[in-house]
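K.L.:
Encoded as structure tokens, here's the structure I'll be asking about.
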Amino acid sequence: MDILPILSTLRRHKITALLVIIEIALTCAIVCNAVFLVSQRLDRIHMVSGVAEHELLQVELANIGAKADEKARTAEDLAALRQISGVTSVASVNQAPFSNSSSNSGIKLDPNQKQSTLSATTYFGENTAETLGVQLIAGRFFQADEYKELDDVVKAFGAGDTKGVPHTVMITRTLAERLWPGQQVLGKRLYMGSEIPLTVVGVVKDLVRPAIWDDATAQYSMLLPIRVNSGRYLIRTAPQERDRVLKAALEKLKQANPHRVVLQKRTWDEIRDKFFQNDRAMSGLLVGVCVALLVVTALGIVGLASFWVAQRRRMIGVRRALGATRGNILHYFQTENFLLATIGIAVGMVLAYGINLFLMVHYELPRLPAIYFPIGAVLLWSIGQAAVLGPAMRAAAVPPVVATRSV
Amino acid sequence: MFGYYLDLALQSLRRNKVLTALMVLAIALGIGACMTTFTVLHVLSGDPLPGKSARLFYPQLDPRDMIDYGADKDPASQVTWTDGMNLLKAKRAERQVLMTGGDVPVQPAQSGLEPFLSDARYTTADFFPMFETPFLFGHGWSEAEDNGKARVAVITRTLNDKLFGGKDSTGQILRMKDTAFQVIGVLDTWRPNPHFYDLNMGNYAATEDVFVPLATARDVRLERDGSMNCWGKGSGDAEHLEAATCVWLQFWVQLESADKAAAYRTFLDNYSKEQKALGRFQRPPNVRLPNLMEWMDINKVVPSDVRLQGWLALGFLLVCLVNTVGLMLAKFLRRSGELGVRRALGASKREVFMQLLVEAAVIGLAGGIGGLLLAFLGLWLVRLQPADYASLAHLDLSMLLATFMLAIAASLLAGLLPAWRACQIAPALQLKSQ
């Protein structure tokens with residue numbers, strides 16, 4: 001197929017050709033970035049939690065009246081929950097992964113440091129690691145005699161009594177690697193807040209934070225041997241037993257103490273779902289816009305190609321009369337579209353890169369991976385070819401006799 | 001003449017229905033997307049207290065110790081009990097309020113209603129006059145009730161409807177956490193957006209249902225909620241919050257003029273110096289006094305996703321416009337013959353140009369109506385979203401007018417180039433080829 005005659009024809013339709021190029025370029029640039037944004041969101045939605053995904057239940061209660069003996073109350077609740085058949089483990093915790101409200105603490109490697117090394121979230125509760133189902137990759141879980149009551153710890157901390165505070169900690173693999181890169185971490189010491197020294201006794205594979213400001217620090221979690229009595233319970237059971245166990249748990253808890261209200265009763269799948277609902281909504285929206293953009297662009301190409309075909313009926317007739325086959329005519333319009341699309345895509349790539357730079361500055365997005373460029377190109381080429389096919393076939397159907405008619 | 005152009009435009013648009021539909025659809029889609037996102041942006045970046053917000057300030061101090069100190073760091077975003085009370089009692093501003101969020105277990109007197117947890121605000125008296133909250137019944141409390149830790153409460157219309165069937169409930173007893181509170185006021189519907197006075201509750205959180213004096217809430221040990229930042233020996237232990245080295249309260253002041261704001265700033269600075277001399281503060285004085293809208297900006301209240309959506313919609317509109325320009329150009333150029341005849345019969349270039357612009361405007365109007373319908377659909381979809389601002393996404397009159405202005409302006413803009421190209425046709429050439 002000879003490209004030169006196509007170029008000379010396009011030169012006489014500069015504005016129309018330019019418009020097609022601009023449209024393809026804009027679409028290409030926006031779609032590349034939007035698809036990249038979607039992939040970012042999907043990565044986020046599939047963030048590793050490190051817990052037994054489909055086996056957990058969360059129940060949260062609040063007292064109606066004044067505080068009674070919370071310690072005894074919690075022990076009673078936990079005993080009642082353990083009695084439910086199918087329950088493998090329960091824990092009274094201060095926070096749950098992906099539940100949005102968290103307690104965090106600055107960590108230092110040396111108590112004389114002026115600045116904290118980093119900030120990590122602190123999970124409390126007896127049996128928390130076991131109930132969450134986090135995977136131990138080095139060391140051990142806490143032993144029963146290591147646990148201390150939160151109230152006592154607070155008191156000891158306020159009085160500067162280092163005996164009354166915990167001495168051991170479990171950390172995630174990510175945290176270990178960040179604090180002591182490439183080193184053996186068991187037995188290492190870190191400092192919480194200003195002066196609580198903690199020895200690392202266990203490393204867990206993953207355990208995500210309850211609230212995530214920065215995806216890079218999502219796994220900065222510690223577990224401390226502190227018992228809490230805050231009415232927040234985690235229950236672990238087999239996936240198919242969850243509904244029944246949740247119902248039974250609420251009943252048992254109500255029986256144990258009717259003078260309270262239920263704040264939360266949900267499966268961990270629901271927690272995860274809720275945590276990422278905005279990301280999901282945004283992905284859906286971006287996909288919708290991409291589809292709409294591609295459709296609008298395709299329709300635009302159909303419209304302009306039809307116009308061109310109608311305008312060049314006589315020219316097509318003459319070419320047919322002079323011996324061009326239907327295939328020649330078809331290819332002519334297809335090649336024309338391919339040329340315009342290629343220029344559009346080339347401009348679009350530059351534009352896509354520019355938009356990505358803007359997003360990197362204003363929305364803290366990473367650089368657009370190179371793989372998006374060929375994918376975007378193929379997408380736009382196929383859309384262009386699909387759109388031009390109809391008008392091109394109509395052009396190919398123009399009979400040679402048109403050449404002899406005067407319009 | 002305009003009527004004639006309009007007639008011509010309608011005829012021409014009817015002649016090629018598919019192309020017309022394509023153009024209208026493209027404009028409608030672009031406008032619909034833009035209006036949906038701009039409306040959300042407009043609602044979210046609005047002023048929660050128009051006319052008042054410039055006089056409301058959020059004083060910031062830095063009471064923390066030297067750990068993690070940096071000369072360029074922001075001061076604390078909340079205040080400690082001690083500082084809050086000191087500033088409150090100093091009464092250096094027109095009005096001042098100290099508060100925190102929380103939740104209270106409400107125990108309805110009716111047997112049919114189970115106890116439930118309600119969002120609450122524990123605040124000092126000036127909250128109501130300072131933020132100009134509308135009262136349906138009764139009134140707020142005074143300093144005397146604050147000091148006396150009075151068991152009084154102000155509730156919202158929503159809670160009043162739920163508990164008292166919408167009747168005037170002032171003087172009634174409301175049981176919360178096994179304590180009897182007397183209802184002294186019922187707020188009429190009031191939902192400032194953003195939830196400016198305490199962003200920890202969610203930037204666009206709904207107004208709390210129960211308001212209780214701060215001192216009372218502490219006395220009854222009502223559960224607090226929100227953000228708390230501790231240092232030194234502070235642990236956030238609920239029993240000793242008054243003495244804790246933790247920031248957990250929001251403090252707002254009303255200052256009537258720039259001079260007064262400057263004076264208040266000096267006061268804060270002196271206060272910090274004095275506290276440092278006393279040994280309570282360790283860091284050098286680091287005070288700020290942003291006004292309400294500045295505080296919203298500092299906290300980046302408008303979600304970045306929403307701004308991103310705005311850009312996306314704008315890009316989408318641009319593609320739709322380029323598309324429309326192309327289609328219009330095709331349409332106008334196909335009518336070269338007809339336009340040639342009009343020119344030969346004496347129509348000036350200007351008149352042909354106007355005729356084509358009228359046609360573009362008609363497309364714009366149709367696109368605007370379509371865009372409006374799509375914007376309604378889009379906003380309905382936004383309201384189905386899980387975000388806390390979702391329920392606020394409604395089109396107001398100004399955005400409605402803006403929709404049409406944008407649609408017509410966009411399509412006129414799109415029509416300029418094609419119309420100009422079509423006018424350039426030499427009439428003689430067109431007639432000859434026929």
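Just so we're on the same page: first chain in the structure tokens is A, next is B, and so on; residues restart at 1 for each chain, and ligands are numbered from 1 in the order they show up.
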Using only C-alpha atoms and a cut-off of 8 Å, which residues of chain B sit close to chain A? Please list them as a ChimeraX atom specification.
P.N.:
/B:19,22,26,66-69,105-107,115-117,176-178,221,231-235,237,304-305,312,315-316,319-320,322-327,329-331,334,385-387,434
K.L.:
Please list as a list in words every residue within 12 Å of Phe127 of chain B, counting only C-alpha atoms and excluding residues in the same chain fewer than 5 positions away.
P.N.:
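Surrounding residues, per the criterion: Leu56, Arg95, Gln96, Val97, Leu98, Met99, Thr100, Arg121, Tyr122, Glu132, Thr133, Pro134, His139, Gly140, Trp141, Ser142, Glu143, Asp146, Val154, Tyr197, Phe211, Val212, Pro213, Leu214, Gln250, Phe251, Trp252, Val253 and Gln254 of chain B.
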K.L.:
Next, write the just-selected residues to a file, as a compact mmCIF listing (two decimals), in the first residue's frame, keeping C-alpha atoms as the atom set.
P.N.:
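Written output follows (part.txt):
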# COMPACT_ATOMS: atom_id res chain seq x y z
CA LEU B 56 -13.19 32.33 63.75
CA ARG B 95 -15.74 34.29 72.49
CA GLN B 96 -13.85 31.06 73.08
CA VAL B 97 -14.82 27.43 73.18
CA LEU B 98 -13.03 24.28 74.32
CA MET B 99 -14.39 20.91 73.29
CA THR B 100 -13.94 17.29 72.29
CA ARG B 121 -19.90 16.77 71.74
CA TYR B 122 -18.57 17.87 75.09
CA GLU B 132 -24.61 30.52 65.43
CA THR B 133 -26.43 27.24 65.82
CA PRO B 134 -30.17 27.50 65.15
CA HIS B 139 -31.32 27.51 74.29
CA GLY B 140 -27.73 26.57 75.10
CA TRP B 141 -26.12 26.77 78.51
CA SER B 142 -24.06 29.50 80.16
CA GLU B 143 -20.72 29.61 81.90
CA ASP B 146 -20.04 24.83 82.75
CA VAL B 154 -28.77 20.10 74.09
CA TYR B 197 -14.83 22.37 64.50
CA PHE B 211 -24.20 18.29 73.41
CA VAL B 212 -23.10 18.24 77.05
CA PRO B 213 -20.95 20.69 79.05
CA LEU B 214 -17.30 19.60 78.89
CA GLN B 250 -10.14 21.57 70.16
CA PHE B 251 -10.02 25.26 71.03
CA TRP B 252 -11.65 27.97 68.91
CA VAL B 253 -11.79 31.73 69.39
CA GLN B 254 -13.80 34.50 67.78
K.L.:
Would you mind listing what lies within 12 Å of Ala347 of chain B as a list in words, with only C-alpha atoms counted and same-chain residues fewer than 5 positions away left out?
P.N.:
Met1, Glu338, Leu339, Gly340, Val341, Arg342, Val352, Phe353, Met354, Gln355, Cys423 and Pro427 of chain B
K.L.:
Save the residues we just selected, C-alpha atoms, as a PDB file, in the first residue's frame?
P.N.:
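Listed below is the output, out09.pdb:
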ATOM      1  CA  MET B   1     -33.187  37.025  11.483  1.00  0.00           C
ATOM      2  CA  GLU B 338     -26.030  25.180   0.204  1.00  0.00           C
ATOM      3  CA  LEU B 339     -23.835  27.792   1.878  1.00  0.00           C
ATOM      4  CA  GLY B 340     -22.409  28.730  -1.526  1.00  0.00           C
ATOM      5  CA  VAL B 341     -25.917  29.403  -2.805  1.00  0.00           C
ATOM      6  CA  ARG B 342     -26.718  31.549   0.224  1.00  0.00           C
ATOM      7  CA  VAL B 352     -23.468  32.751   7.278  1.00  0.00           C
ATOM      8  CA  PHE B 353     -21.156  32.646  10.277  1.00  0.00           C
ATOM      9  CA  MET B 354     -24.000  33.685  12.595  1.00  0.00           C
ATOM     10  CA  GLN B 355     -26.297  31.108  11.051  1.00  0.00           C
ATOM     11  CA  CYS B 423     -17.549  30.775   5.674  1.00  0.00           C
ATOM     12  CA  PRO B 427     -19.332  30.775  -3.571  1.00  0.00           C
TER      13      PRO B 427
END
K.L.:
For atom CA of Gly148 of chain B and atom CA of Leu255 of chain B, determine how far apart the two atoms are, in Å to one decimal place.
P.N.:
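One can read the atom CA of Gly148 of chain B to atom CA of Leu255 of chain B distance as 26.9 Å.
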K.L.:
Identify all residues of segment 46-184 of chain B in strand (DSSP E) (DSSP on the backbone) and supply them as a PyMOL selection string.
P.N.:
chain B and resi 56-57+95-107+116-123+135-138+152-156+173-176+179-184
K.L.:
Between atom CA of Tyr233 of chain A and atom CA of Val93 of chain A, what is the spacing in Å?
P.N.:
6.0 Å
K.L.:
Rounded to one decimal, what separation in Å do you get between atom CA of Leu314 of chain B and atom CA of Met35 of chain B?
P.N.:
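If I compute the distance from atom CA of Leu314 of chain B to atom CA of Met35 of chain B, I get 9.7 Å.
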K.L.:
Can you check which residues of segment 86-213 of chain B DSSP gives as alpha helix (DSSP H) on the backbone and send them as a list in words?
P.N.:
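Matching residues for alpha helix (DSSP H) in segment 86-213 of chain B are Asn86, Leu87, Leu88, Lys89, Ala90, Phe127, Phe128, Pro129, Met130, Glu143, Ala144, Glu145, Asp146, Asn147, Arg157, Thr158, Leu159, Asn160, Asp161, Lys162, Leu163 and Phe164 of chain B.
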K.L.:
For those residues, write C-alpha atoms to a file as an mmCIF file, in the first residue's frame.
P.N.:
data_model
loop_
_atom_site.group_PDB
_atom_site.id
_atom_site.type_symbol
_atom_site.label_atom_id
_atom_site.label_comp_id
_atom_site.auth_asym_id
_atom_site.auth_seq_id
_atom_site.Cartn_x
_atom_site.Cartn_y
_atom_site.Cartn_z
ATOM 1 C CA ASN B 86 -5.951 28.524 80.756
ATOM 2 C CA LEU B 87 -6.810 30.070 77.400
ATOM 3 C CA LEU B 88 -10.530 29.675 78.002
ATOM 4 C CA LYS B 89 -10.364 31.396 81.398
ATOM 5 C CA ALA B 90 -8.073 34.140 80.086
ATOM 6 C CA PHE B 127 -20.235 26.811 71.153
ATOM 7 C CA PHE B 128 -23.815 27.824 70.378
ATOM 8 C CA PRO B 129 -23.515 31.620 70.020
ATOM 9 C CA MET B 130 -20.085 31.367 68.403
ATOM 10 C CA GLU B 143 -20.725 29.612 81.897
ATOM 11 C CA ALA B 144 -22.446 28.958 85.201
ATOM 12 C CA GLU B 145 -23.568 25.512 84.017
ATOM 13 C CA ASP B 146 -20.044 24.834 82.749
ATOM 14 C CA ASN B 147 -18.554 25.705 86.121
ATOM 15 C CA ARG B 157 -33.828 17.747 66.010
ATOM 16 C CA THR B 158 -33.133 14.187 64.779
ATOM 17 C CA LEU B 159 -32.719 12.830 68.306
ATOM 18 C CA ASN B 160 -35.648 14.913 69.537
ATOM 19 C CA ASP B 161 -37.842 13.350 66.845
ATOM 20 C CA LYS B 162 -36.656 9.898 67.816
ATOM 21 C CA LEU B 163 -37.011 10.258 71.581
ATOM 22 C CA PHE B 164 -39.723 12.847 72.082
#
K.L.:
Please determine, counting only C-alpha atoms, which residue among A:Ile371, A:Leu7, A:Ala138, A:Ile45 has the shortest atom-to-atom distance to Asp273 of chain A.
P.N.:
A:Ile45
K.L.:
What's the 6 Å shell around segment 79-90 of chain A, counting only C-alpha atoms, without same-chain residues fewer than 2 positions away, as a PyMOL selection string?
P.N.:
chain A and resi 76-77+131+234-237+249
K.L.:
Go ahead and write the residues just picked, N, CA and C atoms, as a PDB file, in the first residue's frame.
P.N.:
ATOM      1  N   GLU A  76     -15.070 -13.107  82.098  1.00  0.00           N
ATOM      2  CA  GLU A  76     -16.358 -13.793  82.018  1.00  0.00           C
ATOM      3  C   GLU A  76     -16.808 -13.893  80.548  1.00  0.00           C
ATOM      4  N   ASP A  77     -16.687 -12.756  79.822  1.00  0.00           N
ATOM      5  CA  ASP A  77     -17.058 -12.717  78.404  1.00  0.00           C
ATOM      6  C   ASP A  77     -16.239 -13.730  77.614  1.00  0.00           C
ATOM      7  N   THR A 131      -5.178 -15.543  67.745  1.00  0.00           N
ATOM      8  CA  THR A 131      -6.538 -15.402  67.237  1.00  0.00           C
ATOM      9  C   THR A 131      -6.547 -14.786  65.836  1.00  0.00           C
ATOM     10  N   LEU A 234     -12.228 -10.324  69.350  1.00  0.00           N
ATOM     11  CA  LEU A 234     -11.998 -11.001  68.080  1.00  0.00           C
ATOM     12  C   LEU A 234     -12.251 -12.481  68.309  1.00  0.00           C
ATOM     13  N   ILE A 235     -12.998 -13.087  67.398  1.00  0.00           N
ATOM     14  CA  ILE A 235     -13.326 -14.505  67.533  1.00  0.00           C
ATOM     15  C   ILE A 235     -12.881 -15.209  66.264  1.00  0.00           C
ATOM     16  N   ARG A 236     -12.241 -16.355  66.423  1.00  0.00           N
ATOM     17  CA  ARG A 236     -11.824 -17.098  65.238  1.00  0.00           C
ATOM     18  C   ARG A 236     -12.590 -18.405  65.149  1.00  0.00           C
ATOM     19  N   THR A 237     -13.068 -18.699  63.949  1.00  0.00           N
ATOM     20  CA  THR A 237     -13.842 -19.917  63.738  1.00  0.00           C
ATOM     21  C   THR A 237     -13.702 -20.337  62.280  1.00  0.00           C
ATOM     22  N   ALA A 249     -22.510 -15.781  69.700  1.00  0.00           N
ATOM     23  CA  ALA A 249     -21.637 -14.923  70.513  1.00  0.00           C
ATOM     24  C   ALA A 249     -22.429 -13.740  71.062  1.00  0.00           C
TER      25      ALA A 249
END
K.L.:
So that I can check the surroundings of Lys273 of chain B, please list as a PDB file with C-alpha atoms, in the first residue's frame every protein, DNA and RNA residue that reaches within 9 Å of it, counting only C-alpha atoms and ignoring chain neighbours fewer than 6 positions away.
P.N.:
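out.pdb, freshly written:
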ATOM      1  CA  PHE B 281       6.692  23.800  77.788  1.00  0.00           C
ATOM      2  CA  PRO B 284      10.559  27.399  71.846  1.00  0.00           C
ATOM      3  CA  PRO B 285       7.245  29.222  71.317  1.00  0.00           C
TER       4      PRO B 285
END
K.L.:
Hey, what's within 6 Å of segment 387-402 of chain A if we count only C-alpha atoms and toss same-chain stuff fewer than 3 positions away? As JSON, numbers by chain, please?
P.N.:
{"A": [298, 302, 305, 306, 309, 317, 320, 321, 326, 329, 330, 333, 384, 405]}
K.L.:
Could you tell me which of B:Ala93, B:Leu406, B:Met399, B:Leu136 comes closest to Asp259 of chain B if we count only C-alpha atoms?
P.N.:
B:Ala93
K.L.:
Pick the closest to Glu70 of chain A from A:Leu351, A:Leu368, A:Val228, A:Cys28: which is it, counting only C-alpha atoms?
P.N.:
A:Val228
K.L.:
Just checking: using only C-alpha atoms, which residue out of A:Ala91, A:Leu132, A:Ala377, A:Val208 ends up closest to Gly231 of chain A?
P.N.:
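Checking each of A:Ala91, A:Leu132, A:Ala377, A:Val208 against Gly231 of chain A, counting only C-alpha atoms, the winner is A:Ala91.
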K.L.:
So, with only C-alpha atoms as the atoms that count, which of B:Gly226, B:Pro192, B:Gly84, B:Gly51 lies closest to Ala243 of chain B?
P.N.:
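Among B:Gly226, B:Pro192, B:Gly84, B:Gly51, it is B:Gly84 that comes nearest to Ala243 of chain B.
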